[in-house]
Structure formats: structure tokens, C-alpha cells
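Visitor: I'm passing along entry-v8.cif; it holds mmCIF, C-alpha atoms and all ligand atoms.
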```
data_work
loop_
_atom_site.label_atom_id
_atom_site.label_comp_id
_atom_site.auth_asym_id
_atom_site.auth_seq_id
_atom_site.Cartn_x
_atom_site.Cartn_y
_atom_site.Cartn_z
CA MET A 1 0.00 0.00 0.00
CA GLU A 2 1.28 3.54 -0.83
CA ILE A 3 0.28 6.19 1.72
CA SER A 4 1.44 9.74 1.10
CA PHE A 5 1.86 12.29 3.88
CA TYR A 6 -0.65 14.76 2.42
CA ASP A 7 -3.81 13.86 0.50
CA PHE A 8 -4.41 16.59 -2.10
CA GLN A 9 -6.13 14.25 -4.53
CA ASN A 10 -9.27 13.73 -2.45
CA LEU A 11 -9.28 17.28 -1.13
CA HIS A 12 -9.28 18.84 -4.59
CA ASN A 13 -11.90 16.58 -6.13
CA GLU A 14 -13.71 17.25 -9.44
CA LYS A 15 -16.58 19.20 -7.87
CA PHE A 16 -14.21 21.51 -5.98
CA ARG A 17 -11.98 22.01 -9.03
CA LYS A 18 -14.96 23.05 -11.13
CA GLU A 19 -16.17 25.54 -8.52
CA VAL A 20 -12.71 27.09 -8.20
CA LYS A 21 -12.26 27.31 -11.97
CA ASP A 22 -15.60 29.15 -12.21
CA ILE A 23 -14.56 31.59 -9.49
CA ILE A 24 -11.18 32.24 -11.08
CA GLY A 25 -13.01 32.96 -14.36
CA GLU A 26 -15.22 35.42 -12.51
CA ILE A 27 -12.18 37.16 -10.98
CA ILE A 28 -10.52 37.43 -14.41
CA ASP A 29 -13.72 38.84 -15.91
CA ASN A 30 -13.93 41.47 -13.15
CA ASN A 31 -10.20 42.37 -13.19
CA ALA A 32 -10.30 42.15 -9.38
CA PHE A 33 -6.95 40.53 -8.67
CA ALA A 34 -5.28 42.09 -5.65
CA GLU A 35 -8.31 42.11 -3.37
CA GLY A 36 -12.04 41.76 -3.82
CA GLU A 37 -15.36 40.54 -2.49
CA TYR A 38 -14.00 37.11 -1.48
CA ASN A 39 -11.44 38.74 0.84
CA HIS A 40 -14.25 40.49 2.70
CA LYS A 41 -16.53 37.43 2.70
CA PHE A 42 -13.77 35.20 4.02
CA GLU A 43 -12.68 37.68 6.69
CA LYS A 44 -16.26 37.99 7.94
CA ASP A 45 -17.07 34.24 7.97
CA PHE A 46 -13.70 33.06 9.29
CA ALA A 47 -13.84 35.53 12.21
CA LYS A 48 -17.32 34.24 13.01
CA MET A 49 -16.26 30.58 12.78
CA GLN A 50 -13.33 31.15 15.14
CA GLY A 51 -15.32 33.30 17.59
CA ALA A 52 -13.16 36.38 16.93
CA ASN A 53 -14.24 39.99 16.47
CA HIS A 54 -12.16 40.59 13.32
CA CYS A 55 -10.04 38.68 10.82
CA ALA A 56 -7.32 40.47 8.85
CA LEU A 57 -6.09 38.50 5.84
CA VAL A 58 -2.36 38.94 5.12
CA GLY A 59 0.19 37.40 2.77
CA ASN A 60 1.27 34.37 4.84
CA GLY A 61 1.54 32.98 8.38
CA THR A 62 5.03 34.37 9.05
CA ASP A 63 3.96 37.91 8.13
CA ALA A 64 0.92 37.39 10.36
CA ILE A 65 3.25 36.94 13.37
CA GLU A 66 5.65 39.69 12.32
CA ILE A 67 2.91 42.26 11.74
CA SER A 68 1.25 41.25 15.03
CA LEU A 69 4.52 41.97 16.84
CA GLU A 70 4.68 45.33 15.05
CA VAL A 71 1.15 46.42 15.99
CA LEU A 72 1.83 45.44 19.60
CA GLY A 73 4.90 47.69 19.57
CA VAL A 74 7.46 44.89 19.75
CA GLY A 75 10.68 45.66 17.91
CA HIS A 76 14.39 46.27 18.14
CA GLY A 77 15.92 45.32 21.47
CA ASP A 78 12.76 43.75 22.93
CA LYS A 79 12.83 40.20 24.28
CA VAL A 80 10.20 37.73 23.07
CA GLY A 81 9.60 34.23 24.49
CA VAL A 82 9.36 31.42 21.93
CA PRO A 83 8.87 27.70 22.61
CA GLY A 84 11.96 25.50 22.25
CA ILE A 85 10.21 23.53 19.50
CA THR A 86 8.20 25.06 16.71
CA PHE A 87 8.40 25.57 12.96
CA TYR A 88 11.16 28.15 12.49
CA ALA A 89 8.77 30.83 11.16
CA THR A 90 7.90 31.66 14.79
CA ILE A 91 11.46 32.68 15.65
CA GLU A 92 12.09 34.19 12.18
CA ALA A 93 9.28 36.67 12.79
CA VAL A 94 10.90 37.73 16.08
CA LEU A 95 14.33 38.15 14.48
CA ASN A 96 12.91 39.98 11.47
CA ARG A 97 11.46 42.55 13.91
CA GLY A 98 14.95 43.10 15.34
CA ALA A 99 13.81 41.59 18.65
CA THR A 100 15.69 38.95 20.67
CA PRO A 101 14.20 35.49 21.22
CA VAL A 102 14.30 33.81 24.65
CA TYR A 103 13.69 30.05 24.65
CA ILE A 104 10.89 28.70 26.83
CA ASP A 105 10.84 24.97 27.53
CA ILE A 106 7.97 22.64 26.69
CA ASN A 107 5.89 20.02 28.50
CA PRO A 108 7.47 16.63 27.70
CA GLU A 109 4.10 14.87 27.34
CA ASP A 110 2.81 17.08 24.50
CA GLY A 111 5.46 19.51 23.24
CA LEU A 112 3.41 22.58 24.23
CA LEU A 113 4.94 25.63 25.91
CA CYS A 114 5.38 25.05 29.67
CA PRO A 115 3.85 27.85 31.79
CA LYS A 116 6.30 27.12 34.67
CA SER A 117 9.27 27.59 32.34
CA LEU A 118 7.61 30.77 31.03
CA GLU A 119 7.31 32.06 34.58
CA ARG A 120 11.00 31.41 35.26
CA MET A 121 11.99 33.15 32.01
CA ALA A 122 9.64 36.06 32.73
CA GLU A 123 11.39 36.52 36.09
CA ALA A 124 14.88 36.27 34.56
CA HIS A 125 14.28 38.37 31.42
CA ASN A 126 12.26 41.45 30.74
CA LEU A 127 9.94 39.76 28.22
CA LYS A 128 7.84 42.15 26.16
CA ALA A 129 5.86 39.36 24.47
CA VAL A 130 5.54 35.59 24.20
CA ILE A 131 4.41 33.47 21.26
CA PRO A 132 2.83 30.21 22.44
CA VAL A 133 2.38 27.83 19.49
CA HIS A 134 -0.57 25.45 19.17
CA ILE A 135 1.92 22.95 17.88
CA TYR A 136 0.62 19.97 15.84
CA GLY A 137 -2.82 21.53 16.40
CA LEU A 138 -2.83 20.88 20.17
CA PRO A 139 -4.32 23.66 22.30
CA ALA A 140 -1.56 25.46 24.23
CA PRO A 141 -2.39 26.16 27.92
CA ILE A 142 -3.47 29.75 27.22
CA LYS A 143 -5.19 30.35 30.58
CA GLU A 144 -2.02 29.39 32.51
CA ILE A 145 0.09 31.45 30.08
CA GLU A 146 -2.21 34.45 30.63
CA ASP A 147 -1.87 33.99 34.40
CA VAL A 148 1.90 34.48 33.99
CA CYS A 149 1.72 37.24 31.36
CA ASN A 150 -1.21 39.47 32.31
CA PRO A 151 0.08 40.67 35.70
CA ARG A 152 3.48 41.41 34.12
CA GLY A 153 2.11 43.18 31.03
CA ILE A 154 3.64 40.59 28.67
CA LYS A 155 1.80 40.56 25.33
CA ILE A 156 0.62 37.20 23.93
CA ILE A 157 0.48 36.24 20.26
CA GLU A 158 -0.93 32.75 19.69
CA ASP A 159 0.79 31.12 16.71
CA SER A 160 -2.23 29.18 15.44
CA ALA A 161 -0.74 28.26 12.05
CA GLN A 162 -1.50 24.58 12.71
CA ALA A 163 -4.62 25.14 14.79
CA GLN A 164 -7.56 25.75 12.50
CA GLY A 165 -10.02 23.33 14.11
CA THR A 166 -8.44 23.46 17.60
CA PHE A 167 -10.49 24.19 20.72
CA LEU A 168 -9.35 25.91 23.90
CA PRO A 169 -11.44 25.28 27.04
CA THR A 170 -13.06 28.69 26.38
CA GLY A 171 -13.83 28.27 22.66
CA PRO A 172 -12.17 27.92 19.26
CA VAL A 173 -8.60 29.15 18.82
CA GLY A 174 -8.92 32.83 17.94
CA SER A 175 -11.72 33.52 20.42
CA SER A 176 -9.40 34.70 23.23
CA ASN A 177 -8.43 38.35 23.68
CA ASN A 178 -4.96 37.66 22.30
CA LEU A 179 -3.87 38.12 18.71
CA SER A 180 -4.02 34.78 16.96
CA THR A 181 -2.09 34.16 13.74
CA PHE A 182 -2.91 31.63 11.03
CA SER A 183 -1.11 30.21 8.00
CA PHE A 184 -3.08 28.93 5.03
CA TYR A 185 -0.05 27.34 3.37
CA PRO A 186 -1.20 24.51 1.03
CA THR A 187 -0.57 21.71 3.57
CA LYS A 188 -2.56 23.30 6.39
CA ASN A 189 -6.02 22.08 7.50
CA LEU A 190 -7.53 25.14 5.85
CA ALA A 191 -5.30 25.82 2.88
CA ALA A 192 -4.98 28.16 -0.06
CA PHE A 193 -3.57 27.31 -3.49
CA GLY A 194 -0.43 29.21 -2.56
CA ASP A 195 0.46 31.51 0.31
CA ALA A 196 -1.97 33.25 2.61
CA GLY A 197 -2.32 34.02 6.30
CA ALA A 198 -4.50 35.89 8.77
CA VAL A 199 -4.54 37.55 12.16
CA LEU A 200 -7.62 37.31 14.37
CA VAL A 201 -7.92 40.40 16.55
CA PRO A 202 -10.28 41.69 19.24
CA THR A 203 -10.53 45.34 18.09
CA GLU A 204 -11.29 47.23 14.88
CA GLU A 205 -8.31 49.49 15.61
CA LEU A 206 -5.90 46.54 15.45
CA TYR A 207 -7.65 45.21 12.33
CA ASN A 208 -7.19 48.56 10.57
CA LYS A 209 -3.53 48.81 11.61
CA ILE A 210 -2.74 45.32 10.31
CA LYS A 211 -4.48 45.97 6.99
CA THR A 212 -2.68 49.32 6.62
CA ILE A 213 0.77 47.80 7.32
CA GLY A 214 0.07 44.95 4.89
CA ASN A 215 -0.86 47.38 2.10
CA HIS A 216 2.16 49.75 2.08
CA GLY A 217 0.73 52.03 4.75
CA ARG A 218 -2.08 53.16 2.40
CA GLY A 219 -4.73 55.08 4.29
CA ASP A 220 -2.32 56.48 6.89
CA ASP A 221 -0.04 59.30 5.68
CA SER A 222 2.09 59.12 8.84
CA MET A 223 3.53 55.68 8.15
CA TYR A 224 4.82 53.25 5.60
CA GLY A 225 4.22 49.50 5.58
CA ARG A 226 4.99 46.61 3.29
CA ASN A 227 3.29 44.28 0.86
CA SER A 228 1.53 41.52 2.74
CA ARG A 229 -1.73 41.25 0.84
CA CYS A 230 -3.70 38.08 0.33
CA ASP A 231 -4.66 38.01 -3.35
CA HIS A 232 -8.26 37.59 -4.46
CA ILE A 233 -7.83 34.09 -5.90
CA GLN A 234 -6.39 32.75 -2.63
CA ALA A 235 -9.19 34.43 -0.68
CA ALA A 236 -11.77 32.83 -3.01
CA VAL A 237 -10.23 29.35 -2.60
CA LEU A 238 -10.23 29.77 1.18
CA TYR A 239 -13.82 30.99 1.16
CA LYS A 240 -14.95 27.95 -0.87
CA LYS A 241 -13.09 25.62 1.50
CA LEU A 242 -14.90 27.04 4.53
CA GLU A 243 -18.00 25.11 3.44
CA MET A 244 -16.29 21.78 4.09
CA ILE A 245 -13.77 22.57 6.80
CA GLU A 246 -15.78 21.56 9.88
CA GLU A 247 -16.55 18.17 8.33
CA TYR A 248 -12.91 17.69 7.34
CA ASN A 249 -11.66 18.61 10.82
CA LYS A 250 -14.12 16.10 12.33
CA ALA A 251 -12.73 13.42 10.03
CA ARG A 252 -9.17 14.24 11.22
CA LYS A 253 -10.31 13.84 14.84
CA SER A 254 -11.81 10.41 13.99
CA ALA A 255 -8.57 9.38 12.27
CA ALA A 256 -6.56 10.41 15.37
CA ALA A 257 -8.88 8.36 17.60
CA LEU A 258 -8.37 5.34 15.32
CA TYR A 259 -4.58 5.76 15.48
CA HIS A 260 -4.78 5.91 19.29
CA LYS A 261 -6.87 2.71 19.31
CA HIS A 262 -4.68 0.76 16.90
CA LEU A 263 -1.43 1.90 18.55
CA GLU A 264 -2.39 0.47 21.94
CA GLY A 265 0.44 -1.79 23.06
CA ALA A 266 2.92 -0.39 20.49
CA SER A 267 6.36 0.76 21.59
CA VAL A 268 5.75 4.36 20.44
CA LYS A 269 4.08 6.85 22.77
CA VAL A 270 0.97 8.67 21.56
CA LEU A 271 -0.23 12.09 22.71
CA PRO A 272 -2.56 12.25 25.75
CA SER A 273 -6.12 11.14 24.85
CA LYS A 274 -7.56 14.33 26.36
CA TYR A 275 -6.60 16.00 23.06
CA LEU A 276 -8.69 13.66 20.89
CA THR A 277 -11.57 16.12 20.79
CA THR A 278 -9.70 19.43 21.15
CA SER A 279 -6.77 19.21 18.70
CA SER A 280 -7.12 20.07 15.02
CA TRP A 281 -4.89 17.03 14.37
CA HIS A 282 -2.98 18.97 11.77
CA LEU A 283 -0.22 16.44 12.48
CA TYR A 284 -0.23 13.08 14.27
CA PRO A 285 3.11 12.80 16.11
CA VAL A 286 4.32 9.77 18.07
CA GLN A 287 7.33 9.63 20.36
CA CYS A 288 9.94 6.94 19.74
CA GLU A 289 12.33 5.62 22.40
CA SER A 290 15.37 7.29 20.82
CA SER A 291 16.38 9.15 17.68
CA GLN A 292 17.84 5.90 16.29
CA ALA A 293 14.50 4.16 16.92
CA ARG A 294 12.80 7.00 15.06
CA GLU A 295 15.12 6.67 12.08
CA SER A 296 14.64 2.90 11.85
CA LEU A 297 10.87 3.24 12.16
CA ALA A 298 10.74 5.93 9.46
CA LYS A 299 12.80 3.68 7.19
CA LEU A 300 10.66 0.63 7.86
CA LEU A 301 7.50 2.61 7.11
CA ALA A 302 9.04 4.10 3.96
CA ASP A 303 10.06 0.59 2.79
CA ASN A 304 6.38 -0.33 3.16
CA GLY A 305 5.13 2.66 1.17
CA VAL A 306 4.25 4.97 4.09
CA SER A 307 5.69 8.49 4.13
CA THR A 308 6.35 10.17 7.48
CA THR A 309 8.12 13.35 8.63
CA PRO A 310 10.31 14.00 11.68
CA PHE A 311 8.59 17.26 12.71
CA TYR A 312 10.59 18.73 14.42
CA ALA A 313 13.88 16.90 14.20
CA GLU A 314 15.73 19.52 16.24
CA ALA A 315 14.95 22.13 18.85
CA LEU A 316 15.38 25.68 17.49
CA SER A 317 18.53 26.25 19.58
CA GLU A 318 20.20 23.33 17.78
CA MET A 319 19.73 24.90 14.33
CA THR A 320 22.66 26.99 13.08
CA PRO A 321 20.86 30.36 12.62
CA PHE A 322 19.17 30.14 16.02
CA LYS A 323 22.05 29.06 18.26
CA GLY A 324 23.25 31.06 21.24
CA TYR A 325 20.05 32.74 22.45
CA GLU A 326 19.23 32.68 26.17
CA GLY A 327 16.48 30.66 27.80
CA GLU A 328 15.83 27.02 28.65
CA ASP A 329 14.98 24.12 26.35
CA GLU A 330 16.38 20.83 27.69
CA LYS A 331 13.01 19.06 27.42
CA ALA A 332 12.45 20.54 23.98
CA LYS A 333 15.71 19.02 22.75
CA ALA A 334 14.77 15.53 24.00
CA PHE A 335 11.24 15.79 22.59
CA ALA A 336 12.40 16.93 19.16
CA GLY A 337 14.89 14.10 18.83
CA HIS A 338 12.22 11.43 19.30
CA THR A 339 9.20 12.65 17.32
CA LEU A 340 7.84 11.11 14.12
CA CYS A 341 4.65 12.31 12.40
CA LEU A 342 2.40 9.73 10.72
CA PRO A 343 0.15 10.55 7.74
CA ILE A 344 -3.19 12.10 8.70
CA SER A 345 -5.82 13.89 6.63
CA ALA A 346 -9.58 14.18 6.37
CA PHE A 347 -9.48 11.15 4.07
CA THR A 348 -7.22 8.73 5.97
CA THR A 349 -9.09 5.44 6.16
CA GLU A 350 -9.20 2.89 8.99
CA GLU A 351 -7.65 0.36 6.61
CA GLN A 352 -4.65 2.67 6.07
CA ILE A 353 -4.34 3.36 9.80
CA GLU A 354 -4.47 -0.39 10.64
CA TYR A 355 -1.83 -1.06 7.98
CA ILE A 356 0.50 1.62 9.42
CA CYS A 357 -0.08 0.58 13.04
CA ASN A 358 0.56 -3.09 12.29
CA ILE A 359 3.96 -2.19 10.81
CA ILE A 360 4.75 -0.09 13.90
CA LYS A 361 3.70 -2.90 16.26
CA LYS A 362 5.90 -5.41 14.45
CA ALA A 363 8.91 -3.04 14.54
C1 LIG A 401 3.84 26.86 13.67
C2 LIG A 401 3.95 27.66 12.41
N1 LIG A 401 4.13 28.99 12.49
C3 LIG A 401 4.23 29.75 11.40
C4 LIG A 401 4.16 29.20 10.13
C5 LIG A 401 4.40 30.09 8.94
O1 LIG A 401 3.45 30.10 8.00
P1 LIG A 401 3.77 30.47 6.47
O2 LIG A 401 4.56 29.34 5.89
O3 LIG A 401 2.39 30.64 5.88
O4 LIG A 401 4.53 31.73 6.47
C6 LIG A 401 3.93 27.84 9.99
C7 LIG A 401 3.80 27.25 8.63
O5 LIG A 401 4.21 26.23 8.27
C8 LIG A 401 3.85 27.02 11.15
O6 LIG A 401 3.66 25.70 11.07
#
```
Any chance you could give the structure as C-alpha cells?

Guide:
Amino acid sequence: MEISFYDFQNLHNEKFRKEVKDIIGEIIDNNAFAEGEYNHKFEKDFAKMQGANHCALVGNGTDAIEISLEVLGVGHGDKVGVPGITFYATIEAVLNRGATPVYIDINPEDGLLCPKSLERMAEAHNLKAVIPVHIYGLPAPIKEIEDVCNPRGIKIIEDSAQAQGTFLPTGPVGSSNNLSTFSFYPTKNLAAFGDAGAVLVPTEELYNKIKTIGNHGRGDDSMYGRNSRCDHIQAAVLYKKLEMIEEYNKARKSAAALYHKHLEGASVKVLPSKYLTTSSWHLYPVQCESSQARESLAKLLADNGVSTTPFYAEALSEMTPFKGYEGEDEKAKAFAGHTLCLPISAFTTEEQIEYICNIIKKA
């Protein structure tokens, strides 16, 4: 059996292709390329779906973080907490603002930012902001993070790039009072046909600032910005995908539950079952006993037609461009070395999951 890591074939079926082709034709007919009615429709409906007051579409998920830092006044010389493990866009955004990252360690059972480590780092460093990441789609402990940050005036930006479909105890990701940033990169749960991103914000003032920065400062003579627009075709694709997204995210949750069931008794460790209903299951990571065990398992699965990825093979501090920053990340280093992600999508079948789990159990 051949099982690819992403399933674009089923996602972009004939019906969807036809609808998108019609919309693209409409956009060409109207010469409305840079921005148009689908941007506004998507912003309105996505904000509603995520329980946010406003959604500001931008060019991609990295810009979404960078512009969020900018509107919160975080820049040169400021210290920003980042989890020891995340996709490197999180730390890139901090560095691109001229700010200095401080590593915060993670919880070894799930890879999410550890509020106790955050508290220690908040005491030791004058943090201006922190960027908890809903990594793999798991809900970060936002309430505990707020308990550390709010009394100290530390700003919070939730990196929700992997968390469309994730639920916090208080509601969907994006419904808190923090800024919440999304990526709609083609592999994400909700994905464009290229690059796109968004920031969910609680106030109209922040919405306007983000849109102004992302469109060269137009509308505000006192400032300049940059180009971080989401083009009309991407907005239209995203808008069309909203119709199906809740169903697709439910299917991912069912696939994760099946993996948990079929991996009982296997030598790999799965994530805590409490996340079965709250994670977006953007990724399905398992923990191997060692990095060698991970490599052999990945090879065995590849030999049997199953593609996997070692997200994230290293903690940020172990990667050349991000070495030497202060903070703590011992648990992050151990976690990164042992993680392997198995294929998961809205279309993963029980037969495929059983096939994969049987190989893992025999390993
Ligand atoms: C956790 C995280 N943050 C940020 C990003 C950046 O998003 P983009 O690639 O759209 O810039 C990603 C995308 O892969 C991500 O996974």
C-alpha cells in the first residue's frame, strides 16, 4: 500500500476544481486581482467561525506573526519568548522585527509551551511578548500562560498556524483576547492554493492597523508598511473551503482516535487522549524511544510505502541560525529528537491506519 503524507487528490476533487475554476473565471472577468469581495466574505465568515471579532487577511503565516509583533509595539531590542520547538517561522518573525528570542521549555508529554518555564523566564528576562504555538494543532495552555503574562504586562500572540479546528477550554482558537495568527499554506487544515495568512484580533483598531501595514501604509499618511496582501484568488479558494472545513476537521479527529486505538500496546508513545476532541490534528506525532528508533521506524514505514516526517527533528537552539540565544529548552531538545509524524488527513481510512499501526507494532 502507498500512503502519502498529504492527501491533495481527495481534497481537490472534481466538484471543488470546477467551482474554483468558475470563481477564477469570474475574478478574471472582473479584473479584481489584488483584493475583492471574497477577501471580505472570508474575513467575515472566518472571524465568526473562530469566535473572533475581526479577521485580517495577510500574505502568509510568518507575516501574520511579524505584523502582530509590530502592531503590539514589539521591535528592536525587545525580548520575546518562543517555545523550544516550533516551525522556524515563529522565531524568524521575532528576528525579522529586530527583537531577541528567549527560549521557553515545553511540556514533555505534549510539546506545548510550559507555563512554569515561562514564569521562570519572565522573572529572569524582561519579556515584552511571548508566542505560544498550538503545535501539531494541540491547544496550548493559554489560561495558565495568561496567568503568567497578564500581571506582568507581557503581550501574547498565539501562533495558530497549525490550529484551524483546535479548541481551547473557552472556545475555538482565535476567540481569546490575544492576537491569533494563522497560516493557510497549502498543507494546512484550511489551505490556499499558494500563500496566505491571517490575524484574528479583538478590536477594529488593530484590524485597521494590520491591513494598513500589509498594504504599504495606504490610508495612513504618517507611516509606511509593506506588501503583505492576500490576493483575491487565494481568498476565493479559502472561502470555498470554509463550506467543508468543519466536516474535514471532524474526520481528522476520527482518524486520530483510530490511530490511538490501533497503537495500543505499540512501543511508540501517543499524545494524551484528552486532546482527541480538542486538537485540530494537523499532524499526528508519536514519540519513539530514541532518535535511532525514530530513524529505523521511518525507514521501515518508507520501505512499506508509508511516508512520514520528523517534525521537528531539532529544537530551534540546535539549528545553526538560532544558536546562542538565552532561555531554557532541555526538554524541547529531547522531545524533538524522538518525534515522528504519521500521515493524517480528512481522508485517511481505517484500513490505512491499521496497515501503518501493524507495521509499527511489528517493529
Ligand atoms: C507553527 C507555524 N508557524 C508559522 C508558520 C508560517 O506560515 P507560512 O509558511 O504561511 O509563512 C507555519 C507554517 O508552516 C507554522 O507551522

Visitor: Considering all atoms listed in the file, can you say which of A:His40, A:Lys250, A:His216, A:Lys211 comes closest to Ser279 (chain A)?

Guide: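 Checking each of A:His40, A:Lys250, A:His216, A:Lys211 against Ser279 (chain A), counting all atoms listed in the file, the winner is A:Lys250.
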
Visitor: Nearest to ligand LIG 401 (chain A) among A:Leu258, A:Met244, A:Ala93, A:Met223, with distances taken over only C-alpha atoms and all ligand atoms: which residue is it?

Guide: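 For ligand LIG 401 (chain A), the nearest of the given residues is A:Ala93.
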
Visitor: Taking only residues of chain A that have an atom at most 8 Å from an atom of ligand LIG 401 (chain A), what is each one's shortest atom pair and its distance in Å to one decimal, using all atoms listed in the file, in chain and number order, as CSV?

Guide:
```
residue,atom,partner,partner_atom,distance
A:Gly59,CA,A:LIG401,O3,7.8
A:Asn60,CA,A:LIG401,O3,4.0
A:Gly61,CA,A:LIG401,O1,3.5
A:Thr62,CA,A:LIG401,O4,3.7
A:Asp63,CA,A:LIG401,O4,6.4
A:Ala64,CA,A:LIG401,O4,7.8
A:Ile65,CA,A:LIG401,C3,7.5
A:Thr86,CA,A:LIG401,C1,5.6
A:Phe87,CA,A:LIG401,C1,4.8
A:Tyr88,CA,A:LIG401,N1,7.1
A:Ala89,CA,A:LIG401,C3,4.7
A:Thr90,CA,A:LIG401,N1,5.2
A:Val133,CA,A:LIG401,C1,6.1
A:His134,CA,A:LIG401,C1,7.2
A:Ile135,CA,A:LIG401,C1,6.1
A:Tyr136,CA,A:LIG401,C1,7.9
A:Asp159,CA,A:LIG401,N1,5.8
A:Ser160,CA,A:LIG401,C1,6.7
A:Ala161,CA,A:LIG401,C2,4.7
A:Gln162,CA,A:LIG401,O6,5.5
A:Phe182,CA,A:LIG401,O1,7.2
A:Ser183,CA,A:LIG401,O3,4.1
A:Phe184,CA,A:LIG401,O3,5.8
A:Tyr185,CA,A:LIG401,O3,4.8
A:Lys188,CA,A:LIG401,O5,7.6
A:Asp195,CA,A:LIG401,O3,6.0
A:Ala196,CA,A:LIG401,O3,6.0
A:Gly197,CA,A:LIG401,O3,5.8
```

Visitor: What's the 6 Å shell around Gly214 (chain A), counting all atoms listed in the file, without same-chain residues fewer than 4 positions away, as a VMD selection string?

Guide: chain A and resid 226 to 229

Visitor: Out of A:Ala122, A:Leu168, A:Leu271, A:Ala346, which residue has the shortest atom-to-atom distance to Gly153 (chain A) when counting all atoms listed in the file?

Guide: A:Ala122

Visitor: Which residue out of A:Leu283, A:Val20, A:Leu57, A:Ala129 has the minimum interatomic distance to Asn150 (chain A) when all atoms listed in the file are used?

Guide: A:Ala129

Visitor: Fewer than 5 positions away in the same chain doesn't count, so skip those; otherwise give me all residues within 7 Å of region 333-341 of chain A, counting only C-alpha atoms, as a tab-separated table (two decimals) with C-alpha atoms, in the frame of the given file.

Guide:
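Result went into result_4.tsv, see below:
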```
chain	number	residue	atom	x	y	z
A	85	ILE	CA	10.21	23.53	19.50
A	108	PRO	CA	7.47	16.63	27.70
A	111	GLY	CA	5.46	19.51	23.24
A	283	LEU	CA	-0.22	16.44	12.48
A	284	TYR	CA	-0.23	13.08	14.27
A	285	PRO	CA	3.11	12.80	16.11
A	286	VAL	CA	4.32	9.77	18.07
A	287	GLN	CA	7.33	9.63	20.36
A	288	CYS	CA	9.94	6.94	19.74
A	289	GLU	CA	12.33	5.62	22.40
A	290	SER	CA	15.37	7.29	20.82
A	291	SER	CA	16.38	9.15	17.68
A	294	ARG	CA	12.80	7.00	15.06
A	308	THR	CA	6.35	10.17	7.48
A	309	THR	CA	8.12	13.35	8.63
A	310	PRO	CA	10.31	14.00	11.68
A	311	PHE	CA	8.59	17.26	12.71
A	312	TYR	CA	10.59	18.73	14.42
A	313	ALA	CA	13.88	16.90	14.20
A	314	GLU	CA	15.73	19.52	16.24
A	315	ALA	CA	14.95	22.13	18.85
```

Visitor: What is the CA of Val82 (chain A)-CA of Thr203 (chain A) distance in Å, reported with one decimal?

Guide: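 Straight-line distance from CA of Val82 (chain A) to CA of Thr203 (chain A) works out to 24.6 Å.
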
Visitor: For Val80 (chain A), which of A:Thr181, A:Ser280, A:Asn126, A:Gln352 is the closest residue, counting all atoms listed in the file?

Guide: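 Among the listed residues, A:Asn126 lies closest to Val80 (chain A).
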
Visitor: Quick check, in Å to one decimal: how far apart do CA of Val201 (chain A) and CA of His76 (chain A) lie?

Guide: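 For CA of Val201 (chain A) relative to CA of His76 (chain A), the distance reads 23.1 Å.
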
Visitor: Given the choices A:Val268, A:Val71, A:Leu276, A:Ile360, which gets closest to Val306 (chain A) if the distance is worked out from only C-alpha atoms?

Guide: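 Between A:Val268, A:Val71, A:Leu276, A:Ile360, the residue approaching Val306 (chain A) most closely is A:Ile360.
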
Visitor: So how many Å separate CA of Glu37 (chain A) and CA of Tyr239 (chain A), to one decimal?

Guide: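 That distance, rounded to one decimal, is 10.3 Å.
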
Visitor: Near Tyr38 (chain A), counting all atoms listed in the file, which residues have an atom at most 12 Å away, once you skip same-chain residues fewer than 5 positions from it, shown as a list in words?

Guide: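 Everything that qualifies: Ile23, Ile24, Glu26, Ile27, Ala32, Phe33, Glu43, Lys44, Asp45, Phe46, Leu57, Cys230, Asp231, His232, Ile233, Gln234, Ala235, Ala236, Val237, Leu238, Tyr239, Lys240, Lys241 and Leu242 of chain A.
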
Visitor: What's around Gly51 (chain A) at 10 Å? Count all atoms listed in the file, leave out sequence neighbours fewer than 5 positions away in its own chain, and write the answer as a list of chain:residue names.

Guide: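 The residues satisfying every condition are A:Asp45, A:Phe46, A:Gly171, A:Pro172, A:Val173, A:Gly174, A:Ser175, A:Ser176, A:Leu200, A:Pro202.
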
Visitor: Dump as a VMD selection string all residues having an atom at most 6 Å from (3.9, 30.1, 32.7), computed in the file's coordinates with all atoms listed in the file.

Guide: chain A and resid 115 to 119 144 to 145 148
